[in-house]
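Worksheet: the structure to be examined is printed underneath.
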Amino acid sequence: MRTSWADAVDNVATGSSDNAGTSGGKEQKSAPTKPAYVPPHLRNKTPASESPAPSLSGPPSGNDRSRYNGPTSGSQWAGSRSDYGRQGYGSGGRGSGGWGGRSGWGGREREVNPFGNDDVDADTEHAFNEQENTGINFDAYEDIPVETSGDNVPPPVNTFAEIDLGDALNLNIRRCKYVKPTPVQRHAIPISLAGRDLMACAQTGSGKTAAFCFPIISGIMRGHIPQRPRGVRTVFPLALILSPTRELSMQIHEEARKFSYQTGVRVVVAYGGAPINQQLRELERGVDILVATPGRLVDLLERAKVSLQMIRYLALDEADRMLDMGFEPQIRKIVEQMDMPPRGERQTMLFSATFPKEIQRLASDFLSNYIFLAVGRVGSSTDLIVQRIEFVHESDKRSHLMDLLHAQRANGVQGKQALTLVFVETKKGADSLEHWLCLNGFPATTIHGDRTQQERELALRSFKSGNTPILVATDVAARGLDIPHVAHVINFDLPNDIDDYVHRIGRTGRAGKTGLATAFFNENNMSLAKPLADLMKEANQEVPDWLTRFASRASYGGKSRRGGGRFGARDFRRDSSFNRSGSGNDYYGGGSGGGYGGYSGGYGPAATSAWD
DNA sequence: AAAAAAT
């Protein structure tokens with residue numbers, strides 16, 4: 001069995017890293033230019049200088065939105081963990097110099113360029129000395145509140161130049177046109193490079209993917225190359241990234257491939273609903289970083305196609321989702337009952353935009369002396385997303401939706417057709433609404449768990465390209481998906497959990513663009529009244545009086561908005577009611593406390609963030 | 001009660 005990194009060093013050819021059908025076309029379809037749609041509620045409200053409707057000219061992928069800022073410099077955080085002695089891991093912190101080992105890689109196989117034709121010369125100055133085409137509100141940087149807790153929190157960095165990620169990775173960072181780390185990257189990357197476990201709360205679209213990918217790729221590049229067993233049909237990835245949906249795993253894979261281009265670090269994705277054989281072939285060509293959904297991974301583990309015994313890095317994206325009732329047993333099985341090194345030996349990183357305390361407590365089982373990091377308001381309620389709640393009876397929802405869509409179509413949107421993402425509660429409801437929309441002349445498609453994987457991927461592509469500018473979705477599309485140009489999220493059916501609402505509306509208002517989120521509220525959603533009203537108030541949104549009244553009849557027992565205050569989430573270890581829970585050795589020790597409190601000034605309900 | 005995730 002070949003594994004890519006070892007192979008590269010041994011001058012053994014590996015397969016080219018063609019991409020297992022992960023699509024993600026970046027085709028920029030041009031559409032007739034029309035005046036921007038201005039939602040009625042904004043027409044008299046917004047300063048003329050601002051475009052109230054989302055601009056459709058952002059970068060192709062808004063997931064990580066900073067750009068490279070300068071040359072590389074010495075290593076400040078050549079972090080090494082203590083426990084990889086066997087493999088000598090951690091001893092290789094000698095900058096990118098130890099990285100010449102790609103010599104055996106280059107000649108034979110041409111790695112597919114994930115940057116496509118856009119691969120500008122990364123060394124040209126103009127490409128990265130400005131931030132002009134990112135559309136990111138960098139002013140928001142200084143105002144973003146940050147809470148860290150845990151022992152000896154490494155200080156944040158301000159530029160990529162302050163950290164030595166290695167030449168090859170730096171080049172890719174430039175190719176991605178990232179100039180400056182986003183807030184979560186500024187804090188999380190030094191923590192990860194120092195080898196620490198991490199629980200990070202950061203808003204959707206704030207650059208989480210890069211925040212965990214950069215340290216993983218860098219660590220693999222500079223770490224000692226472990227001897228991976230040969231001659232068995234089992235592969236031994238060094239890093240595992242788990243996510244709750246197939247499409248999100250695909251997206252992470254695509255991002256990670258860009259970051260690891262020409263580093264020799266190989267990224268493979270595995271998820272259900274697609275032929276396993278192709279994925280097996282990709283795995284057998286070598287894998288350093290495996291991105292997967294839980295079900296398919298368990299399958300691969302049980303067939304002994306994959307072993308986790310070499311795992312150094314474990315990252316859970318949407319970690320609270322991964323640890324909720326539906327997923328937790330599977331995750332526990334993968335992490336605790338297979339052959340993965342125990343916590344403390346591997347490095348574990350959990351990321352999400354929301355992190356309920358109960359889930360934090362569960363999560364601490366997987367972590368060792370970890371650092372808790374909350375960047376910005378957890379939950380996307382930024383001023384960039386205008387939230388509108390309307391009281392609509394069940395029977396009126398379709399005609400009301402029709403009104404919204406008509407208004408939108410009549411106005412059109414500059415450049416490209418505005419994309420509208422409609423969330424419904426059930427798969428059946430999704431099909432039926434899609435059918436009805438199509439009957440009524442609105443090009444719609446749908447994505448949900450009853451569709452074949454092929455249909456799902458086609459639907460997403462068709463939506464992204466603007467071919468089918470209306471996507472009806474269940475919660476399968478609620479988390480993590482980075483779909484540029486979503487102008488409007490409509491909660492046709494509201495979710496029961498406020499966190500789900502937060503993730504859903506986070507599909508718009510990305511990359512510093514404004515977005516609109518409309519929700520249909522009725523008597524079935526009473527349990528959401530209080531948390532919703534609280535969330536909107538916190539986000540400086542206009543709360544309808546009727547919603548305030550429902551909210552004040554607080555007898556509905558909905559989940560109240562997390563602790564209130566400036567952060568959407570707090571380290572549960574700071575909460576005395578959890579402090580005696582006996583969950584092991586992970587209590588907040590009162591140690592450095594990191595930068596907590598340091599940002600308390602200047603942050604109010606009106607603070608704007610590009611990181612939703 | 002629903003959704004997601006393996007075949």
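Here, A, B, ... name the chains of the structure tokens in the order displayed, residue numbers run from 1 inside each chain, and ligands are numbered from 1 in the same displayed order.
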*All residues 6 Å or closer to Glu318 of chain A, only C-alpha atoms (C1' of nucleotides), same chain fewer than 2 positions away omitted, as a list in words*: Asp320, Arg321, Phe351 and Ser352 of chain A
_DSSP on the backbone, alpha helix (DSSP H) only: what residues of segment 390-492 of chain A does that give? Format it as a ChimeraX atom specification._
/A:397-411,427-439,453-464
Using C-alpha atoms, can you write the selected residues to a file as an mmCIF file, in the first residue's frame?
data_model
loop_
_atom_site.group_PDB
_atom_site.id
_atom_site.type_symbol
_atom_site.label_atom_id
_atom_site.label_comp_id
_atom_site.auth_asym_id
_atom_site.auth_seq_id
_atom_site.Cartn_x
_atom_site.Cartn_y
_atom_site.Cartn_z
ATOM 1 C CA LYS A 397 -47.477 30.139 3.223
ATOM 2 C CA ARG A 398 -47.431 29.273 -0.465
ATOM 3 C CA SER A 399 -49.184 32.357 -1.664
ATOM 4 C CA HIS A 400 -47.037 34.451 0.612
ATOM 5 C CA LEU A 401 -43.925 32.851 -0.799
ATOM 6 C CA MET A 402 -45.229 33.531 -4.249
ATOM 7 C CA ASP A 403 -45.581 37.216 -3.401
ATOM 8 C CA LEU A 404 -41.999 37.386 -2.218
ATOM 9 C CA LEU A 405 -40.671 35.652 -5.285
ATOM 10 C CA HIS A 406 -42.709 37.782 -7.634
ATOM 11 C CA ALA A 407 -41.425 40.940 -6.041
ATOM 12 C CA GLN A 408 -37.902 39.627 -6.295
ATOM 13 C CA ARG A 409 -38.265 38.621 -9.908
ATOM 14 C CA ALA A 410 -39.838 41.905 -10.834
ATOM 15 C CA ASN A 411 -36.892 43.752 -9.440
ATOM 16 C CA LYS A 427 -38.326 16.022 2.750
ATOM 17 C CA LYS A 428 -41.869 15.504 1.490
ATOM 18 C CA GLY A 429 -42.583 19.149 2.000
ATOM 19 C CA ALA A 430 -39.497 20.006 0.004
ATOM 20 C CA ASP A 431 -40.546 17.903 -2.973
ATOM 21 C CA SER A 432 -44.048 19.208 -2.927
ATOM 22 C CA LEU A 433 -43.001 22.837 -2.676
ATOM 23 C CA GLU A 434 -40.484 22.415 -5.479
ATOM 24 C CA HIS A 435 -43.159 20.871 -7.663
ATOM 25 C CA TRP A 436 -45.558 23.658 -6.906
ATOM 26 C CA LEU A 437 -42.978 26.358 -7.605
ATOM 27 C CA CYS A 438 -42.113 24.807 -10.950
ATOM 28 C CA LEU A 439 -45.787 24.574 -11.839
ATOM 29 C CA GLN A 453 -26.505 11.731 -4.152
ATOM 30 C CA GLN A 454 -26.353 12.468 -7.843
ATOM 31 C CA GLU A 455 -29.565 14.454 -7.628
ATOM 32 C CA ARG A 456 -28.326 16.299 -4.584
ATOM 33 C CA GLU A 457 -25.098 17.314 -6.202
ATOM 34 C CA LEU A 458 -26.841 18.284 -9.413
ATOM 35 C CA ALA A 459 -29.336 20.407 -7.472
ATOM 36 C CA LEU A 460 -26.581 22.209 -5.646
ATOM 37 C CA ARG A 461 -24.608 22.841 -8.820
ATOM 38 C CA SER A 462 -27.670 24.041 -10.649
ATOM 39 C CA PHE A 463 -28.461 26.423 -7.809
ATOM 40 C CA LYS A 464 -24.923 27.733 -7.484
#
*asked:* Just want the 9 Å neighbourhood of Glu523 of chain A, counted on only C-alpha atoms (C1' of nucleotides), with same-chain residues fewer than 2 positions away dropped. Output as a count of residues only.
replied: 6
_When you look at DT7 of chain B with a cut-off of 12 Å (counting only C-alpha atoms (C1' of nucleotides)), what residues show up, excluding the ones that are within fewer than 5 positions of it in the same chain? I need them as a list of chain:residue names._
A:Gly272, A:Gly273, A:Ala274, A:Pro275, A:Ile276, A:Gly295, A:Arg296, A:Val298, A:Asp299, A:Leu300
Residue selection dump (N, CA, C and O atoms) as a short mmCIF file (atom, residue, chain, number, x, y, z; two decimals), in the first residue's frame:
data_model
loop_
_atom_site.label_atom_id
_atom_site.label_comp_id
_atom_site.auth_asym_id
_atom_site.auth_seq_id
_atom_site.Cartn_x
_atom_site.Cartn_y
_atom_site.Cartn_z
N GLY A 272 -20.96 8.76 1.79
CA GLY A 272 -21.93 7.80 1.30
C GLY A 272 -22.67 8.27 0.07
O GLY A 272 -22.53 9.40 -0.37
N GLY A 273 -23.43 7.37 -0.50
CA GLY A 273 -24.26 7.72 -1.63
C GLY A 273 -23.52 7.75 -2.95
O GLY A 273 -24.13 7.94 -4.00
N ALA A 274 -22.22 7.59 -2.88
CA ALA A 274 -21.42 7.56 -4.10
C ALA A 274 -20.71 6.21 -4.13
O ALA A 274 -20.48 5.60 -3.09
N PRO A 275 -20.36 5.75 -5.33
CA PRO A 275 -19.70 4.45 -5.45
C PRO A 275 -18.45 4.39 -4.58
O PRO A 275 -17.61 5.28 -4.64
N ILE A 276 -18.35 3.35 -3.82
CA ILE A 276 -17.24 3.27 -2.88
C ILE A 276 -15.95 2.92 -3.60
O ILE A 276 -14.86 3.25 -3.13
N GLY A 295 -20.79 7.88 8.47
CA GLY A 295 -21.27 6.56 8.05
C GLY A 295 -20.29 5.85 7.13
O GLY A 295 -19.93 4.69 7.34
N ARG A 296 -19.85 6.53 6.11
CA ARG A 296 -18.93 5.92 5.17
C ARG A 296 -17.60 5.60 5.84
O ARG A 296 -16.98 4.57 5.54
N VAL A 298 -17.12 4.74 8.97
CA VAL A 298 -17.30 3.52 9.76
C VAL A 298 -17.25 2.30 8.84
O VAL A 298 -16.61 1.28 9.15
N ASP A 299 -17.90 2.41 7.71
CA ASP A 299 -17.86 1.33 6.73
C ASP A 299 -16.42 0.99 6.34
O ASP A 299 -16.00 -0.16 6.34
N LEU A 300 -15.68 2.02 6.01
CA LEU A 300 -14.29 1.82 5.59
C LEU A 300 -13.44 1.22 6.72
O LEU A 300 -12.57 0.38 6.47
#
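The neighbours of DA1 of chain B here are the residues that come within 12 Å of it, using only C-alpha atoms (C1' of nucleotides) and leaving out any residue fewer than 5 positions away in the same chain; they are Glu425, Thr426, Pro495 and Asn496 of chain A.
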Keeping all heavy atoms for every residue in the selection just given, could you write it to a file as a tab-separated table (two decimals), in the first residue's frame?
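Writing done, so here's again-v1.tsv:
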chain	number	residue	atom	x	y	z
A	425	GLU	N	-39.37	22.02	6.53
A	425	GLU	CA	-39.12	21.10	7.63
A	425	GLU	C	-38.92	19.65	7.16
A	425	GLU	O	-38.10	18.93	7.72
A	425	GLU	CB	-40.28	21.18	8.62
A	425	GLU	CG	-39.96	20.67	10.01
A	425	GLU	CD	-38.76	21.36	10.65
A	425	GLU	OE1	-38.41	22.48	10.23
A	425	GLU	OE2	-38.15	20.77	11.56
A	426	THR	N	-39.66	19.26	6.15
A	426	THR	CA	-39.63	17.83	5.79
A	426	THR	C	-39.21	17.61	4.33
A	426	THR	O	-39.35	18.49	3.49
A	426	THR	CB	-41.01	17.17	5.97
A	426	THR	OG1	-41.91	17.74	5.03
A	426	THR	CG2	-41.52	17.36	7.39
A	495	PRO	N	-37.29	26.28	12.01
A	495	PRO	CA	-36.82	25.11	12.77
A	495	PRO	C	-37.26	25.24	14.22
A	495	PRO	O	-37.71	26.31	14.65
A	495	PRO	CB	-35.30	25.22	12.65
A	495	PRO	CG	-35.05	26.68	12.53
A	495	PRO	CD	-36.22	27.25	11.77
A	496	ASN	N	-37.13	24.17	14.96
A	496	ASN	CA	-37.52	24.23	16.37
A	496	ASN	C	-36.39	24.73	17.26
A	496	ASN	O	-36.62	25.13	18.38
A	496	ASN	CB	-37.96	22.85	16.84
A	496	ASN	CG	-39.21	22.40	16.14
A	496	ASN	OD1	-40.15	23.18	15.97
A	496	ASN	ND2	-39.22	21.17	15.67
*Could you give me the residues within segment 333-364 of chain A that DSSP places in strand (DSSP E), as a PyMOL selection string?*
chain A and resi 347-352
Put those residues in a file: C-alpha atoms, as a PDB file, in the first residue's frame.
ATOM      1  CA  GLN A 347      -4.502  16.746  18.503  1.00  0.00           C
ATOM      2  CA  THR A 348      -8.213  17.437  18.464  1.00  0.00           C
ATOM      3  CA  MET A 349      -9.949  20.508  17.108  1.00  0.00           C
ATOM      4  CA  LEU A 350     -13.679  21.168  17.294  1.00  0.00           C
ATOM      5  CA  PHE A 351     -15.262  23.965  15.318  1.00  0.00           C
ATOM      6  CA  SER A 352     -18.773  25.297  15.075  1.00  0.00           C
TER       7      SER A 352
END
*Of the listed residues A:Arg346, A:Arg504, A:Arg246, A:His224, that which approaches DA5 of chain B most closely, counting only C-alpha atoms (C1' of nucleotides)*: A:Arg246
